[in-house]
Amino acid sequence: MTHVIDARPQEDVIQIQDLRTAFGSHVVHEKLNLNVKRGEILSLVGGSGSGKTTLLRQMIALDRPVSGVVKVFGQPVHGGSPGRRRALRRRWGVMFQAGALFSALSVYDNVALPLRELRTLPEDLIHDAAMTRLALVGLDARDAAKRPSDLSGGMVKRVALARALALDPELLFLDEPTAGLDPDRSDAFVDLLKDLHRQLGFTVIMVTHDLDTLFALSDRVAVLAERRVIVCAPVAQVLAVDHPFIQGFFLGERGRRAQAELTPSRSV
Amino acid sequence: MAPSMSPPPTAIRWQSDTDRRTCILAGDWTVHALARRGEVAARRRALGELKDDTGWDLSGVTTLDALGALLLWRHWGQRLPAHLTAPPIWLAVFDILASQPIAPAPAVERDWLAPVRQLGDGMFAAMSHGRDLLLLLGQLVLDLGGLLARPHRGPWREISAQLYQAGARALLITAMVGFLIGVVLSFLSAQQLRMFGADLLIVKLLGVSIVRELGPLLAAILVAGRSGSAITAQIGVMRLTQELDALQVMGISHGQRLILPRVVALAIAMPLLVVWTDAMALLGGALAAYVQLNLQPAYFFQALPRAVSAANYWLGVGKGVAFGGLIALVACHFGLRIQPNTDSLGRGTTASVVTAITGVILADAVFAILFRSVGLL
């Protein structure tokens with residue numbers, strides 16, 4: 001599947017300005033600013049409770065902020081007509097942490113759902129699109145007939161990814177994509193994502209704890225601490241920042257191991 | 001083995017010397033020894049009150065673990081006594097205890113205003129439920145309007161699926177329960193009526209009470225238990241697995257595609273189930289009347305239309321629609337409120353069924369008052 005080469009300069013697909021989110025009296029984000037460039041893979045990291053998933057949910061309009069603006073493709077995600085918001089939603093795909101596949105539907109119906117929701121496509125076209133998406137993540141017709149409850153953890157994630165890619169989105173949101181996967185599957189997933197990114201050229205925002213995934217995939221890393229993004233830069237620059245969280249997260253034992261394993265083979 | 005209420009002979013021994021008393025400890029001072037029934041109490045009694053000039057000898061202790069050490073530590077007031085003889089390994093254990101002082105248990109504050117607080121919280125909770133239900137109802141009305149305005153875009157497949165689940169699959173249970181209630185009611189009434197020689201009145205008695213009240217109520221209670229809990233659990237689990245989020249992210253409205261189909265399906269299925277339950281109950285009643293009073297079934301079903309006016313029938317059907325919608329709305333409301341934990345799921349489904357049944361009975365009372373002069377004359 002060829003993808004039209006995007007000759008536009010690296011504009012911002014997501015702009016978050018002065019975001020403030022809170023649950024009751026508990027303030028999660030304060031004066032948070034973040035810009036995501038087109039075509040990049042951005043990883044969102046932070047300690048537990050730092051609000052990574054909350055930030056992701058704000059970007060995909062699942063929650064409303066107390067104040068501040070979230071703009072995707074230059075348009076605010078809240079407000080305006082339902083039609084405009086629906087059109088905006090079709091341009092991104094989300095892969096939830098546990099997959100969030102619809103348990104009442106088969107794998108095929110899960111992947112076909114976003115296409116069917118358009119209500120304007122014929123079934124045969126939907127069939128082709130859904131099957132190619134499944135093939136893209138390495139699943140075949142036999143798997144398509146299964147139910148989510150029959151799938152292993154790795155397969156659930158792959159189907160979830162296929163569903164997120166169903167409408168060929170420009171933006172892909174991943175919430176802990178390699179959580180719960182064994183090392184073999186994790187590597188396979190990372191390679192899959194790399195290939196798809198190269199082929200389809202979407203922008204990726206990924207929340208992750210996994211340092212190996214992070215080092216292998218990220219163009220930039222946004223670090224969440226003290227209720228805002230303290231640094232958003234390529235990995236090398238982030239590692240140089242002298243902040244207790246960054247030092248502990250990246251340069252602790254695990255961090256140094258992950259870095260060491262990766263550096264020799266990492267292509268720039 | 002009888003529980004031992006005195007310390008084993010070797011654990012604690014007192015020895016009186018010229019200038020002081022010495023407590024000689026020996027034997028097993030581990031959790032396994034102390035866990036024996038009454039062991040700790042007995043040893044504490046044997047230790048008696050702490051005196052500053054008491055000598056302590058731990059040389060005979062064969063095993064000591066944290067629990068044994070803590071027993072002594074507590075007795076000594078969280079410090080080593082002045083005159084202590086113990087091998088270095090046991091001293092090391094007490095050193096560890098000394099380095100981490102045990103904080104006292106937090107004082108339990110008696111909240112005297114707790115009942116008042118609970119009442120207040122209860123009221124706030126009820127108001128919050130009421131508000132959310134109202135919002136749900138409002139959204140439902142809007143979605144219903146949308147359905148009527150654009151019927152071709154309606155969630156017909158979902159409605160059909162729910163109709164099958166809530167309606168078709170409930171036919172057996174409602175038939176059984178309806179039939180049995182009809183039989184029981186008929187038996188009881190027949191006894192009484194026979195005393196007054198008013199056998200034939202059984203038709204009107206059974207007919208009106210079943211068609212007007214019992215049929216709708218029974219069907220509603222069964223549907224609330226069956227479908228109400230199923231809907232709540234299903235929506236609750238969808239929250240847990242983030243399926244609701246996934247729907248929202250794809251721009252699929254919950255109100256339109258989850259709640260509306262269920263309310264519409266139940267509002268259609270319930271009146272049909274009411275008619276079905278009525279029929280089964282009257283069948284049971286006719287059978288019991290035949291057995292008890294020798295009332296010919298042919299006569300029973302001939303006299304029925306005369307005894308029960310059509311108004312009662314339509315009232316029953318109308319009740320069915322109202323009850324069905326109410327049950328579905330309540331079930332969806334509680335489903336959406338379920339938190340991501342199993343405890344909440346259990347409590348939510350219970351609350352859903354109880355609230356639905358209570359609501360149905362309240363609605364029934366309202367119907368009874370509103371329509372008291374209709375159909376009974």
# chains A, B, ... in the order shown; residues from 1 in each chain; ligands from 1
>>> select_by_dssp(residues="segment 60-143 of chain B", states="strand (DSSP E)", output="PDB file with C-alpha atoms, in the first residue's frame")
ATOM      1  CA  GLY B  60      19.032 -21.221  77.610  1.00  0.00           C
ATOM      2  CA  VAL B  61      16.896 -19.979  74.768  1.00  0.00           C
ATOM      3  CA  THR B  62      17.243 -22.433  71.891  1.00  0.00           C
ATOM      4  CA  THR B  63      15.376 -20.491  69.193  1.00  0.00           C
ATOM      5  CA  LEU B  64      14.224 -16.896  69.100  1.00  0.00           C
ATOM      6  CA  HIS B  83      21.099  -6.732  83.808  1.00  0.00           C
ATOM      7  CA  LEU B  84      20.969  -8.929  80.742  1.00  0.00           C
ATOM      8  CA  THR B  85      22.894 -12.041  79.936  1.00  0.00           C
TER       9      THR B  85
END
>>> interface_residues(of="chain B", to="chain A", cutoff="8 Å", atoms="only C-alpha atoms", output="compact mmCIF listing (two decimals) with C-alpha atoms, in the first residue's frame")
# COMPACT_ATOMS: atom_id res chain seq x y z
CA THR B 241 -12.41 -3.19 29.84
CA GLN B 242 -12.41 0.35 28.42
CA GLU B 243 -14.87 -0.72 25.71
CA ASP B 245 -13.87 4.54 25.99
CA ALA B 246 -13.17 2.77 22.72
CA GLN B 248 -16.44 7.10 22.52
CA VAL B 249 -13.12 7.47 20.77
CA MET B 250 -14.65 6.10 17.57
CA GLY B 251 -17.41 8.66 17.83
>>> residues_around(residues="segment 197-202 of chain A", least_positions_apart="4", cutoff="6 Å", atoms="only C-alpha atoms", output="PyMOL selection string")
chain A and resi 3+39+170-171+193
>>> write_last_selection(atoms="N, CA and C atoms", output="compact mmCIF listing (two decimals), in the first residue's frame")
# COMPACT_ATOMS: atom_id res chain seq x y z
N HIS A 3 1.87 5.17 0.19
CA HIS A 3 1.38 6.31 0.96
C HIS A 3 1.87 7.57 0.29
N GLY A 39 4.44 13.22 11.95
CA GLY A 39 5.31 12.14 11.51
C GLY A 39 6.27 11.62 12.57
N GLU A 170 -4.05 9.47 10.62
CA GLU A 170 -2.81 10.25 10.59
C GLU A 170 -2.13 10.27 11.94
N LEU A 171 -2.92 9.97 12.99
CA LEU A 171 -2.41 10.00 14.35
C LEU A 171 -2.69 8.67 15.02
N LEU A 193 5.72 -1.97 14.66
CA LEU A 193 5.41 -0.55 14.71
C LEU A 193 6.37 0.26 13.84
>>> select_by_dssp(residues="segment 169-229 of chain A", states="alpha helix (DSSP H)", output="VMD selection string")
chain A and resid 183 to 200 211 to 217
>>> atom_distance(atom1="atom CA of Gly182 of chain B", atom2="atom CA of Val203 of chain B")
11.7 Å
>>> residues_around(residues="segment 222-238 of chain B", least_positions_apart="6", cutoff="7 Å", atoms="only C-alpha atoms", output="PDB file with C-alpha atoms, in the first residue's frame")
ATOM      1  CA  ALA B 166     -34.955  -9.550  27.040  1.00  0.00           C
ATOM      2  CA  LEU B 244     -16.939   2.369  26.564  1.00  0.00           C
ATOM      3  CA  ILE B 327     -36.153  -0.974  34.199  1.00  0.00           C
ATOM      4  CA  ALA B 328     -33.876  -0.377  31.220  1.00  0.00           C
ATOM      5  CA  ALA B 331     -30.150  -0.657  34.626  1.00  0.00           C
ATOM      6  CA  CYS B 332     -28.156   1.547  32.241  1.00  0.00           C
ATOM      7  CA  PHE B 334     -26.262   1.814  37.410  1.00  0.00           C
ATOM      8  CA  GLY B 335     -24.138   0.182  34.744  1.00  0.00           C
ATOM      9  CA  LEU B 336     -22.520   3.490  33.851  1.00  0.00           C
ATOM     10  CA  ILE B 338     -19.823   1.011  38.096  1.00  0.00           C
ATOM     11  CA  LEU B 345     -19.831  -4.651  40.017  1.00  0.00           C
ATOM     12  CA  THR B 349     -26.056  -5.019  39.853  1.00  0.00           C
ATOM     13  CA  SER B 352     -29.898  -1.913  39.932  1.00  0.00           C
ATOM     14  CA  VAL B 353     -32.348  -4.768  40.463  1.00  0.00           C
ATOM     15  CA  ALA B 356     -35.785  -1.159  39.429  1.00  0.00           C
ATOM     16  CA  ILE B 357     -38.238  -3.322  41.360  1.00  0.00           C
TER      17      ILE B 357
END
>>> residues_around(residues="Leu214 of chain B", least_positions_apart="4", cutoff="10 Å", atoms="only C-alpha atoms", output="ChimeraX atom specification")
/B:178,181-182,206-210,218-220,274,277-278,281,316
>>> residues_around(residues="segment 221-225 of chain A", least_positions_apart="4", cutoff="9 Å", atoms="only C-alpha atoms", output="list of chain:residue names")
A:Leu34, A:Ile41, A:Leu42, A:Ser43, A:Leu44, A:Val45, A:Gly46, A:Gly47, A:Ser50, A:Gly51, A:Lys52, A:Leu214, A:Val229, A:Ile230, A:Val231, A:Cys232, A:Ala233, A:Pro234, A:Val235, A:Val238, A:Phe245, A:Ile246
>>> atom_distance(atom1="atom CA of Phe94 of chain B", atom2="atom CA of Leu72 of chain B")
9.5 Å
>>> residues_around(residues="Leu211 of chain A", least_positions_apart="2", cutoff="8 Å", atoms="only C-alpha atoms", output="PyMOL selection string")
chain A and resi 208-209+213-215+250+254-255+258
>>> atom_distance(atom1="atom CA of Ala190 of chain B", atom2="atom CA of Leu304 of chain B")
16.1 Å
>>> closest_residue(among="B:Val93, B:Ala198, B:Val183, B:Val317", to="Val291 of chain B", atoms="only C-alpha atoms")
B:Val183
>>> closest_residue(among="B:Thr355, B:Gln78, B:Ser186, B:Asn312", to="Leu282 of chain B", atoms="only C-alpha atoms")
B:Ser186
